[in-house]
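Structure data follow from coords-v7.cif (mmCIF, C-alpha atoms; chains and numbers go by the auth columns):
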data_run
#
loop_
_atom_site.group_PDB
_atom_site.id
_atom_site.type_symbol
_atom_site.label_atom_id
_atom_site.label_comp_id
_atom_site.label_asym_id
_atom_site.label_seq_id
_atom_site.Cartn_x
_atom_site.Cartn_y
_atom_site.Cartn_z
_atom_site.B_iso_or_equiv
_atom_site.auth_seq_id
_atom_site.auth_asym_id
ATOM 1 C CA MET A 1 -3.493 -48.108 -56.335 0.00 1 A
ATOM 2 C CA VAL A 2 -4.621 -44.836 -54.714 0.00 2 A
ATOM 3 C CA ASP A 3 -4.994 -44.733 -50.911 0.00 3 A
ATOM 4 C CA THR A 4 -8.506 -43.191 -50.422 0.00 4 A
ATOM 5 C CA SER A 5 -8.115 -43.115 -46.611 0.00 5 A
ATOM 6 C CA TYR A 6 -5.470 -40.378 -46.842 0.00 6 A
ATOM 7 C CA GLN A 7 -6.887 -36.874 -46.457 0.00 7 A
ATOM 8 C CA PRO A 8 -4.396 -33.979 -46.329 0.00 8 A
ATOM 9 C CA LYS A 9 -5.000 -31.128 -43.884 0.00 9 A
ATOM 10 C CA VAL A 10 -3.971 -28.520 -46.451 0.00 10 A
ATOM 11 C CA TYR A 11 -5.336 -28.907 -49.949 0.00 11 A
ATOM 12 C CA ARG A 12 -6.506 -27.035 -53.007 0.00 12 A
ATOM 13 C CA LYS A 13 -10.195 -27.393 -53.822 0.00 13 A
ATOM 14 C CA GLN A 14 -11.093 -28.810 -57.176 0.00 14 A
ATOM 15 C CA GLY A 15 -10.784 -26.075 -59.776 0.00 15 A
ATOM 16 C CA GLY A 16 -7.759 -24.622 -57.970 0.00 16 A
ATOM 17 C CA ASP A 17 -9.338 -21.325 -56.859 0.00 17 A
ATOM 18 C CA GLU A 18 -9.316 -22.000 -53.106 0.00 18 A
ATOM 19 C CA LEU A 19 -6.712 -23.304 -50.668 0.00 19 A
ATOM 20 C CA VAL A 20 -8.181 -25.015 -47.603 0.00 20 A
ATOM 21 C CA VAL A 21 -6.436 -25.439 -44.244 0.00 21 A
ATOM 22 C CA ALA A 22 -8.383 -28.066 -42.316 0.00 22 A
ATOM 23 C CA SER A 23 -8.243 -28.595 -38.561 0.00 23 A
ATOM 24 C CA GLY A 24 -4.654 -29.371 -37.616 0.00 24 A
ATOM 25 C CA GLY A 25 -3.288 -28.007 -40.890 0.00 25 A
ATOM 26 C CA LEU A 26 -0.615 -25.325 -41.126 0.00 26 A
ATOM 27 C CA ILE A 27 0.792 -22.934 -43.695 0.00 27 A
ATOM 28 C CA THR A 28 4.459 -22.162 -43.166 0.00 28 A
ATOM 29 C CA VAL A 29 6.115 -19.195 -44.843 0.00 29 A
ATOM 30 C CA GLU A 30 9.840 -19.840 -44.840 0.00 30 A
ATOM 31 C CA SER A 31 12.508 -17.205 -44.253 0.00 31 A
ATOM 32 C CA GLY A 32 12.517 -14.756 -47.134 0.00 32 A
ATOM 33 C CA GLY A 33 8.951 -15.663 -48.106 0.00 33 A
ATOM 34 C CA ALA A 34 5.904 -13.448 -47.591 0.00 34 A
ATOM 35 C CA LEU A 35 2.162 -13.636 -47.541 0.00 35 A
ATOM 36 C CA VAL A 36 0.407 -10.803 -49.376 0.00 36 A
ATOM 37 C CA VAL A 37 -3.231 -10.056 -48.575 0.00 37 A
ATOM 38 C CA ALA A 38 -4.967 -7.327 -50.616 0.00 38 A
ATOM 39 C CA GLY A 39 -1.600 -5.771 -51.400 0.00 39 A
ATOM 40 C CA VAL A 40 -0.409 -5.807 -47.771 0.00 40 A
ATOM 41 C CA THR A 41 2.618 -7.971 -47.021 0.00 41 A
ATOM 42 C CA ILE A 42 2.302 -9.978 -43.832 0.00 42 A
ATOM 43 C CA ASP A 43 5.533 -11.508 -42.572 0.00 43 A
ATOM 44 C CA GLY A 44 7.310 -12.253 -39.321 0.00 44 A
ATOM 45 C CA SER A 45 8.836 -8.786 -39.075 0.00 45 A
ATOM 46 C CA THR A 46 5.587 -6.848 -39.529 0.00 46 A
ATOM 47 C CA LEU A 47 2.834 -8.767 -37.791 0.00 47 A
ATOM 48 C CA ALA A 48 2.702 -11.349 -35.045 0.00 48 A
ATOM 49 C CA LEU A 49 -0.786 -12.715 -34.454 0.00 49 A
ATOM 50 C CA THR A 50 -0.068 -15.419 -31.898 0.00 50 A
ATOM 51 C CA GLY A 51 -2.424 -14.939 -28.961 0.00 51 A
ATOM 52 C CA LEU A 52 -4.056 -11.804 -30.394 0.00 52 A
ATOM 53 C CA THR A 53 -7.087 -10.900 -28.268 0.00 53 A
ATOM 54 C CA ALA A 54 -7.774 -7.311 -29.356 0.00 54 A
ATOM 55 C CA SER A 55 -10.645 -6.518 -31.682 0.00 55 A
ATOM 56 C CA ALA A 56 -10.156 -4.638 -34.947 0.00 56 A
ATOM 57 C CA ALA A 57 -11.743 -1.563 -33.317 0.00 57 A
ATOM 58 C CA GLU A 58 -9.262 -1.738 -30.431 0.00 58 A
ATOM 59 C CA LEU A 59 -6.341 -2.116 -32.804 0.00 59 A
ATOM 60 C CA ASN A 60 -7.525 0.878 -34.829 0.00 60 A
ATOM 61 C CA ALA A 61 -7.784 3.204 -31.814 0.00 61 A
ATOM 62 C CA TYR A 62 -4.952 5.337 -30.495 0.00 62 A
ATOM 63 C CA PRO A 63 -4.590 7.591 -27.438 0.00 63 A
ATOM 64 C CA VAL A 64 -3.738 11.275 -27.369 0.00 64 A
ATOM 65 C CA SER A 65 -2.655 12.341 -23.894 0.00 65 A
ATOM 66 C CA LEU A 66 -2.295 15.665 -22.153 0.00 66 A
ATOM 67 C CA ASP A 67 -1.266 16.701 -18.644 0.00 67 A
ATOM 68 C CA ILE A 68 -2.817 19.779 -17.090 0.00 68 A
ATOM 69 C CA ALA A 69 -0.633 20.962 -14.229 0.00 69 A
ATOM 70 C CA ASP A 70 -3.341 22.870 -12.337 0.00 70 A
ATOM 71 C CA GLY A 71 -7.002 21.830 -12.593 0.00 71 A
ATOM 72 C CA SER A 72 -8.004 24.989 -10.723 0.00 72 A
ATOM 73 C CA ALA A 73 -6.517 27.217 -13.454 0.00 73 A
ATOM 74 C CA GLU A 74 -9.144 27.936 -16.076 0.00 74 A
ATOM 75 C CA GLY A 75 -7.844 27.910 -19.616 0.00 75 A
ATOM 76 C CA SER A 76 -7.521 26.146 -22.934 0.00 76 A
ATOM 77 C CA TYR A 77 -5.078 23.300 -23.445 0.00 77 A
ATOM 78 C CA PHE A 78 -4.262 21.676 -26.780 0.00 78 A
ATOM 79 C CA ALA A 79 -3.182 18.301 -28.150 0.00 79 A
ATOM 80 C CA VAL A 80 -2.626 17.170 -31.733 0.00 80 A
ATOM 81 C CA ALA A 81 -4.316 14.192 -33.410 0.00 81 A
ATOM 82 C CA PRO A 82 -1.572 12.508 -35.469 0.00 82 A
ATOM 83 C CA HIS A 83 -4.132 10.515 -37.502 0.00 83 A
ATOM 84 C CA ALA A 84 -7.628 11.241 -38.789 0.00 84 A
ATOM 85 C CA GLY A 85 -10.483 9.629 -36.867 0.00 85 A
ATOM 86 C CA ASP A 86 -13.265 10.024 -34.330 0.00 86 A
ATOM 87 C CA ILE A 87 -12.831 10.781 -30.636 0.00 87 A
ATOM 88 C CA ILE A 88 -14.711 7.942 -28.925 0.00 88 A
ATOM 89 C CA LYS A 89 -13.722 8.415 -25.249 0.00 89 A
ATOM 90 C CA ILE A 90 -12.200 11.115 -23.088 0.00 90 A
ATOM 91 C CA TYR A 91 -10.721 9.958 -19.788 0.00 91 A
ATOM 92 C CA THR A 92 -9.365 12.044 -16.927 0.00 92 A
ATOM 93 C CA VAL A 93 -7.610 11.015 -13.735 0.00 93 A
ATOM 94 C CA ILE A 94 -6.592 13.414 -10.953 0.00 94 A
ATOM 95 C CA ASP A 95 -3.562 13.462 -8.664 0.00 95 A
ATOM 96 C CA GLY A 96 -5.386 14.919 -5.666 0.00 96 A
ATOM 97 C CA ALA A 97 -8.722 16.094 -4.293 0.00 97 A
ATOM 98 C CA VAL A 98 -10.648 18.891 -6.002 0.00 98 A
ATOM 99 C CA SER A 99 -10.705 21.641 -3.371 0.00 99 A
ATOM 100 C CA THR A 100 -13.525 24.086 -4.092 0.00 100 A
ATOM 101 C CA ALA A 101 -15.785 23.421 -7.095 0.00 101 A
ATOM 102 C CA ASP A 102 -16.380 20.824 -9.803 0.00 102 A
ATOM 103 C CA ILE A 103 -13.961 20.966 -12.729 0.00 103 A
ATOM 104 C CA THR A 104 -15.282 20.598 -16.271 0.00 104 A
ATOM 105 C CA VAL A 105 -13.142 19.729 -19.269 0.00 105 A
ATOM 106 C CA THR A 106 -14.829 20.448 -22.611 0.00 106 A
ATOM 107 C CA ALA A 107 -13.370 19.057 -25.837 0.00 107 A
ATOM 108 C CA LYS A 108 -13.533 21.237 -28.962 0.00 108 A
ATOM 109 C CA ILE A 109 -12.438 20.735 -32.547 0.00 109 A
ATOM 110 C CA ALA A 110 -11.895 23.940 -34.534 0.00 110 A
ATOM 111 C CA THR A 111 -13.790 25.883 -31.812 0.00 111 A
ATOM 112 C CA VAL A 112 -16.833 23.558 -32.114 0.00 112 A
ATOM 113 C CA PRO A 113 -17.718 21.689 -28.909 0.00 113 A
ATOM 114 C CA VAL A 114 -17.656 17.904 -29.235 0.00 114 A
ATOM 115 C CA THR A 115 -21.147 16.503 -28.579 0.00 115 A
ATOM 116 C CA ASN A 116 -21.095 14.713 -25.205 0.00 116 A
ATOM 117 C CA GLY A 117 -17.406 15.635 -24.948 0.00 117 A
ATOM 118 C CA VAL A 118 -17.566 17.147 -21.452 0.00 118 A
ATOM 119 C CA VAL A 119 -15.880 15.444 -18.512 0.00 119 A
ATOM 120 C CA THR A 120 -17.008 16.580 -15.051 0.00 120 A
ATOM 121 C CA ILE A 121 -14.562 16.043 -12.206 0.00 121 A
ATOM 122 C CA ALA A 122 -16.649 16.353 -9.051 0.00 122 A
ATOM 123 C CA THR A 123 -15.376 18.025 -5.916 0.00 123 A
ATOM 124 C CA ALA A 124 -17.581 15.896 -3.631 0.00 124 A
ATOM 125 C CA ALA A 125 -15.563 12.982 -2.207 0.00 125 A
ATOM 126 C CA SER A 126 -12.854 13.497 -4.814 0.00 126 A
ATOM 127 C CA ALA A 127 -9.470 11.896 -4.270 0.00 127 A
ATOM 128 C CA ALA A 128 -6.250 11.086 -6.074 0.00 128 A
ATOM 129 C CA GLY A 129 -6.844 8.388 -8.660 0.00 129 A
ATOM 130 C CA ASP A 130 -10.460 9.314 -9.446 0.00 130 A
ATOM 131 C CA VAL A 131 -11.232 8.551 -13.095 0.00 131 A
ATOM 132 C CA ASP A 132 -13.989 10.316 -15.031 0.00 132 A
ATOM 133 C CA VAL A 133 -15.115 9.595 -18.597 0.00 133 A
ATOM 134 C CA ALA A 134 -17.040 11.216 -21.451 0.00 134 A
ATOM 135 C CA THR A 135 -18.313 9.353 -24.507 0.00 135 A
ATOM 136 C CA PRO A 136 -18.539 11.726 -27.491 0.00 136 A
ATOM 137 C CA THR A 137 -21.321 11.029 -29.993 0.00 137 A
ATOM 138 C CA ALA A 138 -21.040 13.714 -32.699 0.00 138 A
ATOM 139 C CA ALA A 139 -18.891 16.655 -33.886 0.00 139 A
ATOM 140 C CA ASN A 140 -15.964 14.410 -32.858 0.00 140 A
ATOM 141 C CA THR A 141 -14.102 13.884 -36.157 0.00 141 A
ATOM 142 C CA VAL A 142 -10.499 15.087 -36.440 0.00 142 A
ATOM 143 C CA THR A 143 -8.150 15.265 -39.402 0.00 143 A
ATOM 144 C CA ALA A 144 -4.502 14.216 -39.266 0.00 144 A
ATOM 145 C CA GLY A 145 -2.466 16.954 -37.606 0.00 145 A
ATOM 146 C CA GLN A 146 -5.497 18.825 -36.263 0.00 146 A
ATOM 147 C CA ALA A 147 -5.498 20.420 -32.822 0.00 147 A
ATOM 148 C CA ILE A 148 -7.984 19.308 -30.199 0.00 148 A
ATOM 149 C CA GLU A 149 -8.805 21.942 -27.591 0.00 149 A
ATOM 150 C CA PHE A 150 -9.672 21.055 -24.001 0.00 150 A
ATOM 151 C CA VAL A 151 -11.267 23.947 -22.099 0.00 151 A
ATOM 152 C CA VAL A 152 -10.923 23.669 -18.311 0.00 152 A
ATOM 153 C CA THR A 153 -13.338 25.600 -16.083 0.00 153 A
ATOM 154 C CA GLY A 154 -14.230 25.524 -12.378 0.00 154 A
ATOM 155 C CA GLY A 155 -12.074 23.969 -9.730 0.00 155 A
ATOM 156 C CA GLY A 156 -11.855 27.074 -7.571 0.00 156 A
ATOM 157 C CA ALA A 157 -8.381 28.007 -6.412 0.00 157 A
ATOM 158 C CA GLY A 158 -5.448 26.336 -4.775 0.00 158 A
ATOM 159 C CA GLY A 159 -3.258 24.946 -7.530 0.00 159 A
ATOM 160 C CA SER A 160 -4.590 21.410 -7.515 0.00 160 A
ATOM 161 C CA PRO A 161 -5.235 18.821 -8.644 0.00 161 A
ATOM 162 C CA ARG A 162 -3.115 17.901 -11.642 0.00 162 A
ATOM 163 C CA ILE A 163 -5.296 16.371 -14.407 0.00 163 A
ATOM 164 C CA HIS A 164 -4.078 13.644 -16.731 0.00 164 A
ATOM 165 C CA LEU A 165 -6.281 13.402 -19.831 0.00 165 A
ATOM 166 C CA VAL A 166 -6.460 10.789 -22.571 0.00 166 A
ATOM 167 C CA ALA A 167 -8.613 11.120 -25.688 0.00 167 A
ATOM 168 C CA LEU A 168 -9.134 7.790 -27.444 0.00 168 A
ATOM 169 C CA ILE A 169 -9.479 8.176 -31.218 0.00 169 A
ATOM 170 C CA THR A 170 -10.457 5.530 -33.774 0.00 170 A
ATOM 171 C CA ARG A 171 -8.867 5.571 -37.222 0.00 171 A
#

Encoded form (structure tokens):
Amino acid sequence: MVDTSYQPKVYRKQGGDELVVASGGLITVESGGALVVAGVTIDGSTLALTGLTASAAELNAYPVSLDIADGSAEGSYFAVAPHAGDIIKIYTVIDGAVSTADITVTAKIATVPVTNGVVTIATAASAAGDVDVATPTAANTVTAGQAIEFVVTGGGAGGSPRIHLVALITR
């Protein structure tokens, strides 16, 4: 006689086209086994999802960083985007106070300014550790291996502060 009170936590739906893992159920892939999703192999050596709290957008973003030794020295500085994507944030942090005038850092791709890609580092009440941000909205797409130009103006004279810059790019 069949026990109708037994309900497995992992079962195949009638027709066999869907595997269901109910609450408390578990799929175990043994050593040497693999799970393939849309042609991508997921196994213990390539992906660990335990406790994952990042969103897909966060996982698909990468930083490109650049140090500018002298924020008072006007000039162009370059970094390379290793992957294609869109610049979504530009962050700067300074090592010291801005002495004379505001510093602006303008992002450009192939000589075209990035829309809303200007970071202003204010001289007023500036101090080491000050973070400033720009949120680009257009003309912000890079190709893999493309240079991103950061044009620094202002700052006056005096050889300070050092600027650390990070451009966050989504793939």

>> So that I can see what lies close to Ala81 (chain A), please list as a ChimeraX atom specification the residues with an atom at most 9 Å from it, counting all atoms listed in the file and leaving out residues fewer than 6 positions away in the same chain.
In response: /A:63-64,142-148,169

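Using only C-alpha atoms for every distance, the candidate list A:Ala107, A:Val10, A:Val131, A:Ile90 yields A:Ala107 as the residue closest to Tyr77 (chain A).
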
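Every protein or nucleic acid residue with an atom no more than 12 Å from Glu58 (chain A), counting all atoms listed in the file and leaving out same-chain residues fewer than 5 positions away, appears here: Leu52, Thr53, Pro63, Ile88, Leu168, Ile169, Thr170 and Arg171 of chain A.
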
Enclose the full set of atoms of region 57-62 of chain A listed in the file within a box whose edges lie along x, y and z, apply 3 Å of padding to each of the six sides, and report centre and edge lengths in Å to one decimal as JSON.
{"center_x": -8.3, "center_y": 1.6, "center_z": -32.6, "size_x": 12.8, "size_y": 13.5, "size_z": 10.4}

>> Translate the PyMOL selection byres ((chain A and resi 149-158) around 8) into a concrete residue list for this structure, as a list in words.
In response: Gly71, Ser72, Ala73, Glu74, Gly75, Ser76, Tyr77, Phe78, Ala79, Val98, Ser99, Thr100, Ala101, Asp102, Ile103, Thr104, Val105, Thr106, Ala107, Lys108, Ile109, Ala110, Thr111, Thr123, Ala147, Ile148, Gly159 and Ser160 of chain A

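Using all atoms listed in the file, the shortest contact distance between Val133 (chain A) and any of A:Gly33, A:Gly16, A:Gly117, A:Gly85 is found at A:Gly117.
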
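Pairwise distance (CA of Gly32 (chain A), CA of Lys9 (chain A)) equals 24.2 Å.
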
> Which residues fall under the PyMOL selection byres ((chain A and resi 67) around 6) in this file, as a VMD selection string?
Replying inline: chain A and resid 66 68 163 to 164

>> Could you tell me, as a PyMOL selection string, exactly which residues end up selected when the PyMOL selection byres ((chain A and resi 125-128) around 6) is applied to this structure?
In response: chain A and resi 94-98+123-124+129-130

What would the file look like if the residues just selected were written as a PDB file, in the coordinates of the input with C-alpha atoms?
ATOM      1  CA  ILE A  94      -6.592  13.414 -10.953  1.00  0.00           C
ATOM      2  CA  ASP A  95      -3.562  13.462  -8.664  1.00  0.00           C
ATOM      3  CA  GLY A  96      -5.386  14.919  -5.666  1.00  0.00           C
ATOM      4  CA  ALA A  97      -8.722  16.094  -4.293  1.00  0.00           C
ATOM      5  CA  VAL A  98     -10.648  18.891  -6.002  1.00  0.00           C
ATOM      6  CA  THR A 123     -15.376  18.025  -5.916  1.00  0.00           C
ATOM      7  CA  ALA A 124     -17.581  15.896  -3.631  1.00  0.00           C
ATOM      8  CA  GLY A 129      -6.844   8.388  -8.660  1.00  0.00           C
ATOM      9  CA  ASP A 130     -10.460   9.314  -9.446  1.00  0.00           C
TER      10      ASP A 130
END

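Here CA of Pro8 (chain A) is placed at a distance of 28.8 Å from CA of Gly39 (chain A).
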
>> Between CA of Ala138 (chain A) and CA of Asn116 (chain A), what is the distance in Å, rounded to a tenth?
In response: 7.6 Å

>> Please determine, counting all atoms listed in the file, which residue among A:Leu59, A:Val112, A:Ala122, A:Ile87 has the shortest atom-to-atom distance to Val166 (chain A).
In response: A:Ile87

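Closest approach to Asn60 (chain A) among A:Val37, A:Ala84, A:Ala134, A:Leu19 is made by A:Ala84 (distances from all atoms listed in the file).
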
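Nearest-residue note for Ser65 (chain A): choosing from A:Ala167, A:Val114, A:Leu26, A:Leu35, the minimum distance belongs to A:Ala167, counting all atoms listed in the file.
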
Write region 16-32 of chain A as a PDB file, keeping the file's coordinate frame, completed to N, CA, C and O atoms.
ATOM      1  N   GLY A  16      -8.981 -25.348 -58.293  1.00  0.00           N
ATOM      2  CA  GLY A  16      -7.759 -24.622 -57.970  1.00  0.00           C
ATOM      3  C   GLY A  16      -7.913 -23.194 -57.492  1.00  0.00           C
ATOM      4  O   GLY A  16      -6.926 -22.483 -57.316  1.00  0.00           O
ATOM      5  N   ASP A  17      -9.147 -22.720 -57.249  1.00  0.00           N
ATOM      6  CA  ASP A  17      -9.338 -21.325 -56.859  1.00  0.00           C
ATOM      7  C   ASP A  17      -9.350 -21.099 -55.349  1.00  0.00           C
ATOM      8  O   ASP A  17      -9.462 -19.963 -54.900  1.00  0.00           O
ATOM      9  N   GLU A  18      -9.248 -22.161 -54.560  1.00  0.00           N
ATOM     10  CA  GLU A  18      -9.316 -22.000 -53.106  1.00  0.00           C
ATOM     11  C   GLU A  18      -8.380 -22.986 -52.436  1.00  0.00           C
ATOM     12  O   GLU A  18      -8.368 -24.184 -52.755  1.00  0.00           O
ATOM     13  N   LEU A  19      -7.592 -22.471 -51.477  1.00  0.00           N
ATOM     14  CA  LEU A  19      -6.712 -23.304 -50.668  1.00  0.00           C
ATOM     15  C   LEU A  19      -7.391 -23.483 -49.317  1.00  0.00           C
ATOM     16  O   LEU A  19      -7.823 -22.508 -48.692  1.00  0.00           O
ATOM     17  N   VAL A  20      -7.505 -24.710 -48.856  1.00  0.00           N
ATOM     18  CA  VAL A  20      -8.181 -25.015 -47.603  1.00  0.00           C
ATOM     19  C   VAL A  20      -7.161 -25.501 -46.583  1.00  0.00           C
ATOM     20  O   VAL A  20      -6.316 -26.351 -46.901  1.00  0.00           O
ATOM     21  N   VAL A  21      -7.238 -24.967 -45.364  1.00  0.00           N
ATOM     22  CA  VAL A  21      -6.436 -25.439 -44.244  1.00  0.00           C
ATOM     23  C   VAL A  21      -7.425 -26.042 -43.252  1.00  0.00           C
ATOM     24  O   VAL A  21      -8.153 -25.329 -42.575  1.00  0.00           O
ATOM     25  N   ALA A  22      -7.463 -27.362 -43.200  1.00  0.00           N
ATOM     26  CA  ALA A  22      -8.383 -28.066 -42.316  1.00  0.00           C
ATOM     27  C   ALA A  22      -7.829 -28.059 -40.888  1.00  0.00           C
ATOM     28  O   ALA A  22      -6.677 -27.686 -40.642  1.00  0.00           O
ATOM     29  N   SER A  23      -8.645 -28.512 -39.962  1.00  0.00           N
ATOM     30  CA  SER A  23      -8.243 -28.595 -38.561  1.00  0.00           C
ATOM     31  C   SER A  23      -6.933 -29.363 -38.434  1.00  0.00           C
ATOM     32  O   SER A  23      -6.807 -30.464 -38.956  1.00  0.00           O
ATOM     33  N   GLY A  24      -5.959 -28.748 -37.786  1.00  0.00           N
ATOM     34  CA  GLY A  24      -4.654 -29.371 -37.616  1.00  0.00           C
ATOM     35  C   GLY A  24      -3.682 -29.045 -38.731  1.00  0.00           C
ATOM     36  O   GLY A  24      -2.510 -29.394 -38.657  1.00  0.00           O
ATOM     37  N   GLY A  25      -4.157 -28.374 -39.777  1.00  0.00           N
ATOM     38  CA  GLY A  25      -3.288 -28.007 -40.890  1.00  0.00           C
ATOM     39  C   GLY A  25      -2.489 -26.749 -40.568  1.00  0.00           C
ATOM     40  O   GLY A  25      -2.765 -26.043 -39.609  1.00  0.00           O
ATOM     41  N   LEU A  26      -1.507 -26.455 -41.378  1.00  0.00           N
ATOM     42  CA  LEU A  26      -0.615 -25.325 -41.126  1.00  0.00           C
ATOM     43  C   LEU A  26      -0.030 -24.835 -42.438  1.00  0.00           C
ATOM     44  O   LEU A  26       0.305 -25.639 -43.312  1.00  0.00           O
ATOM     45  N   ILE A  27       0.065 -23.525 -42.573  1.00  0.00           N
ATOM     46  CA  ILE A  27       0.792 -22.934 -43.695  1.00  0.00           C
ATOM     47  C   ILE A  27       2.049 -22.323 -43.106  1.00  0.00           C
ATOM     48  O   ILE A  27       1.974 -21.511 -42.177  1.00  0.00           O
ATOM     49  N   THR A  28       3.190 -22.688 -43.639  1.00  0.00           N
ATOM     50  CA  THR A  28       4.459 -22.162 -43.166  1.00  0.00           C
ATOM     51  C   THR A  28       5.076 -21.311 -44.264  1.00  0.00           C
ATOM     52  O   THR A  28       5.214 -21.765 -45.397  1.00  0.00           O
ATOM     53  N   VAL A  29       5.408 -20.064 -43.910  1.00  0.00           N
ATOM     54  CA  VAL A  29       6.115 -19.195 -44.843  1.00  0.00           C
ATOM     55  C   VAL A  29       7.565 -19.199 -44.387  1.00  0.00           C
ATOM     56  O   VAL A  29       7.879 -18.738 -43.287  1.00  0.00           O
ATOM     57  N   GLU A  30       8.432 -19.712 -45.207  1.00  0.00           N
ATOM     58  CA  GLU A  30       9.840 -19.840 -44.840  1.00  0.00           C
ATOM     59  C   GLU A  30      10.540 -18.487 -44.895  1.00  0.00           C
ATOM     60  O   GLU A  30      10.035 -17.528 -45.495  1.00  0.00           O
ATOM     61  N   SER A  31      11.703 -18.417 -44.270  1.00  0.00           N
ATOM     62  CA  SER A  31      12.508 -17.205 -44.253  1.00  0.00           C
ATOM     63  C   SER A  31      12.690 -16.668 -45.662  1.00  0.00           C
ATOM     64  O   SER A  31      13.019 -17.410 -46.576  1.00  0.00           O
ATOM     65  N   GLY A  32      12.413 -15.383 -45.824  1.00  0.00           N
ATOM     66  CA  GLY A  32      12.517 -14.756 -47.134  1.00  0.00           C
ATOM     67  C   GLY A  32      11.210 -14.764 -47.895  1.00  0.00           C
ATOM     68  O   GLY A  32      11.035 -14.024 -48.848  1.00  0.00           O
TER      69      GLY A  32
END
